[in-house]
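This report refers to the structure that appears directly beneath it.
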Amino acid sequence: MFDFKIIKKDKNSRGRIGKVTTSHGSFITPCFIPVATSGTIRALDNNDISELGTTVILSNTYHLHLRPGDLLIKKFGGLHKFMNWDGPIVTDSGGFQAFSLGFAVEHGVGKIANNYLDFVDKKHINRVTEEKFAHVDDKGVKFRDPVNGDKVELTPLKSMQIQSNLGSDIIFAFDECTSPLSDKKYTSIALERTHKWALECLKVYDKKQALFGIVQGGEYKELRIKSAKFIGKLKFDGFGIGGSLGKSKDDMHKILDWTIPLLPSGKPRHLLGIGAVEDLFEAVSRGIDMFDCVAPTRWARRGHLYISPAAGGTAENKFRINIENKKFEEDAGPIDKTCDCYACKNHTRAYLRHLFRSSELTYFRLASIHNLKFILRLMDKIRDSIEDGSFKKLKKEWLG
RNA sequence: GUGGCCAUAGUUUAGUGGUAGAAUACAGGACUGUGGAUCCUGUGGCCCGAGUUCGAUUCUCGGUGGCUACC
């Protein structure tokens with residue numbers, strides 16, 4: 001089963017509060033969905049996850065298909081039982097890996113080209129790579145397992161089958177994610193392919209699951225509008241906005257402004273792979289209901305820990321500190337004095353810096369707990385502020 | 001005690017008769033549908049003394065320190 005109800009709309013923006021209900025429970029939107037690629041939020045166990053107040057998680061079709069195999073997971077009664085998580089699960093389709101393991105690896109670029117450009121131009125754009133990790137054609141994507149070199153092929157049908165075997169509550173259509181460096185011509189070809197695949201997915205998906213379509217089109221207005229109109233009129237349960245989000249945050253905001261008004265207002269919208277603090281505010285105000293992002297957990301592992309404005313966080317320093325910095329060597333305070341997470345209640349910045357520099361496993365858990373709690377608490381605040389009409393004020397407090 | 005080998009960045013090491021690269025460590029930075037991966041920038045060095053030479057980190061001798069072999 002699947003249901004989405006809008007509970008309240010913000011007066012000053014397209015932001016809204018909603019409730020998503022699945023057969024494994026419900027969650028309130030806008031919400032942040034922690035990424036549990038291989039059936040676990042890295043470094044955390046289910047106990048940690050529950051204590052953080054996580055309501056829904058996202059796992060990955062491509063990775064689980066490779067290891068341990070979706071058929072094995074099916075034998076265990078699906079991913080919920082395999083990992084012993086009883087709440088809602090979203091799975092990505094594997095389409096993104098055509099980009100993240102293909103073009104992105106070859107050219108060293110991310111979803112938003114941004115600061116990469118100088119670096120890309122000089123070092124990577126002309127680099128000849130003999131080993132392609134992913135190759136796309138009209139049928140699907142051929143991958144090379146980066147670990148053991150095995151060839152793997154994903155198609156719309158296969159992605160739907162794998163996600164059915166996993167038994168997730170919300171699944172995504174198989175799509176092709178293009179690069180910020182792709183030109184309009186190629187992005188257009190990829191777009192047609194994504195649209196064709198969307199129709200195939202709708203035909204063959206497991207109707208016990210909720211299927212979300214994905215809007216593509218890169219940074220090109222004409223293509224984004226075309227895609228939003230096409231995907232938006234299909235019988236999907238919700239919609240993802242994916243792909244290259246341009247060369248700057250401004251580009252990303254424009255893309256949201258072009259596409260969201262063209263999607264059915266009564267269905268949830270998921271902004272794929274985005275989750276920096278300022279992005280959450282900007283996207284919610286433009287009508288996004290769901291986010292998933294590796295940023296909180298990956299950045300935690302890299303030493304970047306979130307701090308609020310009260311602790312010195314700003315858009316300029318990305319609301320974070322780098323715990324590796326020498327200036328925290330003797331810092332006896334918590335990561336963020338306003339945070340009530342386990343790490344902040346029990347440990348100092350100096351201790352966490354020590355654990356990080358010593359590559360201690362405990363660091364990864366404490367840091368991941370902090371960053372996830374921080375983001376989940378921020379989403380709580382955002383929802384509360386829409387509820388009581390103070391979202392605009394909250395956004396100004398944080399972004400200035 | 002005697003012989004042999006060696007001495008270059010905090011550490012492990014390339015290399016050169018015209019004052020030197022790397023790895024790692026250190027100081028920072030990047031990272032948005034997960035590799036604890038990766039990438040970028042910066043700081044930092046020729047054991048001491050004498051000799052040969054226009055010029056020595058390099059060649060010679062001595063000192064000091066280390067490794068090793070033999071009695």
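Identifiers in this document derive from the order of the structure tokens: chains are assigned A, B, ..., residues are numbered from 1 separately in each chain, and ligands are numbered from 1 in order of occurrence.
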
All residues 7 Å or closer to Lys111 of chain A, only C-alpha atoms (C1' of nucleotides), same chain fewer than 3 positions away omitted, as a PyMOL selection string
chain A and resi 179-180+243-245

Give as a PyMOL selection string every residue of chain B that touches chain A within 12 Å, counting only C-alpha atoms (C1' of nucleotides).
chain B and resi 25-40

For Cys344 of chain A, please output as a ChimeraX atom specification all residues within 7 Å (counting only C-alpha atoms (C1' of nucleotides); exclusion window: fewer than 4 positions along the same chain).
/A:334-336,339-340

Could you dump the residues just selected with C-alpha atoms as a short mmCIF file (atom, residue, chain, number, x, y, z; two decimals), in the first residue's frame?
```
data_model
loop_
_atom_site.label_atom_id
_atom_site.label_comp_id
_atom_site.auth_asym_id
_atom_site.auth_seq_id
_atom_site.Cartn_x
_atom_site.Cartn_y
_atom_site.Cartn_z
CA PRO A 334 31.25 19.44 22.31
CA ILE A 335 30.99 19.43 18.52
CA ASP A 336 27.95 21.70 18.75
CA CYS A 339 23.24 19.47 20.01
CA ASP A 340 21.80 16.74 22.20
#
```

Two-atom distance - atom CA of Ile17 of chain A, atom CA of Gly400 of chain A (Å):
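Separation between atom CA of Ile17 of chain A and atom CA of Gly400 of chain A: 23.2 Å.
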
Contacts of Leu72 of chain A within 12 Å, only C-alpha atoms (C1' of nucleotides), excl. fewer than 6 positions in-chain, as a ChimeraX atom specification
/A:64-66,78-79,81-82,162,165-166

Write to file, as a PDB file, in the first residue's frame, the residues of the selection just made, with C-alpha atoms.
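And here's again_7.pdb as it stands now:
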```
ATOM      1  CA  LEU A  64      22.754  -5.227  -3.123  1.00  0.00           C
ATOM      2  CA  HIS A  65      22.425  -6.990  -6.467  1.00  0.00           C
ATOM      3  CA  LEU A  66      26.203  -7.452  -6.555  1.00  0.00           C
ATOM      4  CA  GLY A  78      13.242  -9.428   1.765  1.00  0.00           C
ATOM      5  CA  LEU A  79      15.476  -6.613   2.876  1.00  0.00           C
ATOM      6  CA  LYS A  81      13.797  -9.074   7.445  1.00  0.00           C
ATOM      7  CA  PHE A  82      17.372  -9.542   6.232  1.00  0.00           C
ATOM      8  CA  ILE A 162      15.778  -6.731  -8.260  1.00  0.00           C
ATOM      9  CA  ASN A 165      13.173  -9.188  -4.689  1.00  0.00           C
ATOM     10  CA  LEU A 166      14.438  -6.676  -2.161  1.00  0.00           C
TER      11      LEU A 166
END
```

For segment 60-67 of chain B, find every residue with an atom within 10 Å (counting only C-alpha atoms (C1' of nucleotides)), except residues of its own chain fewer than 5 positions away, and show them as a ChimeraX atom specification.
/B:5-7,47-52
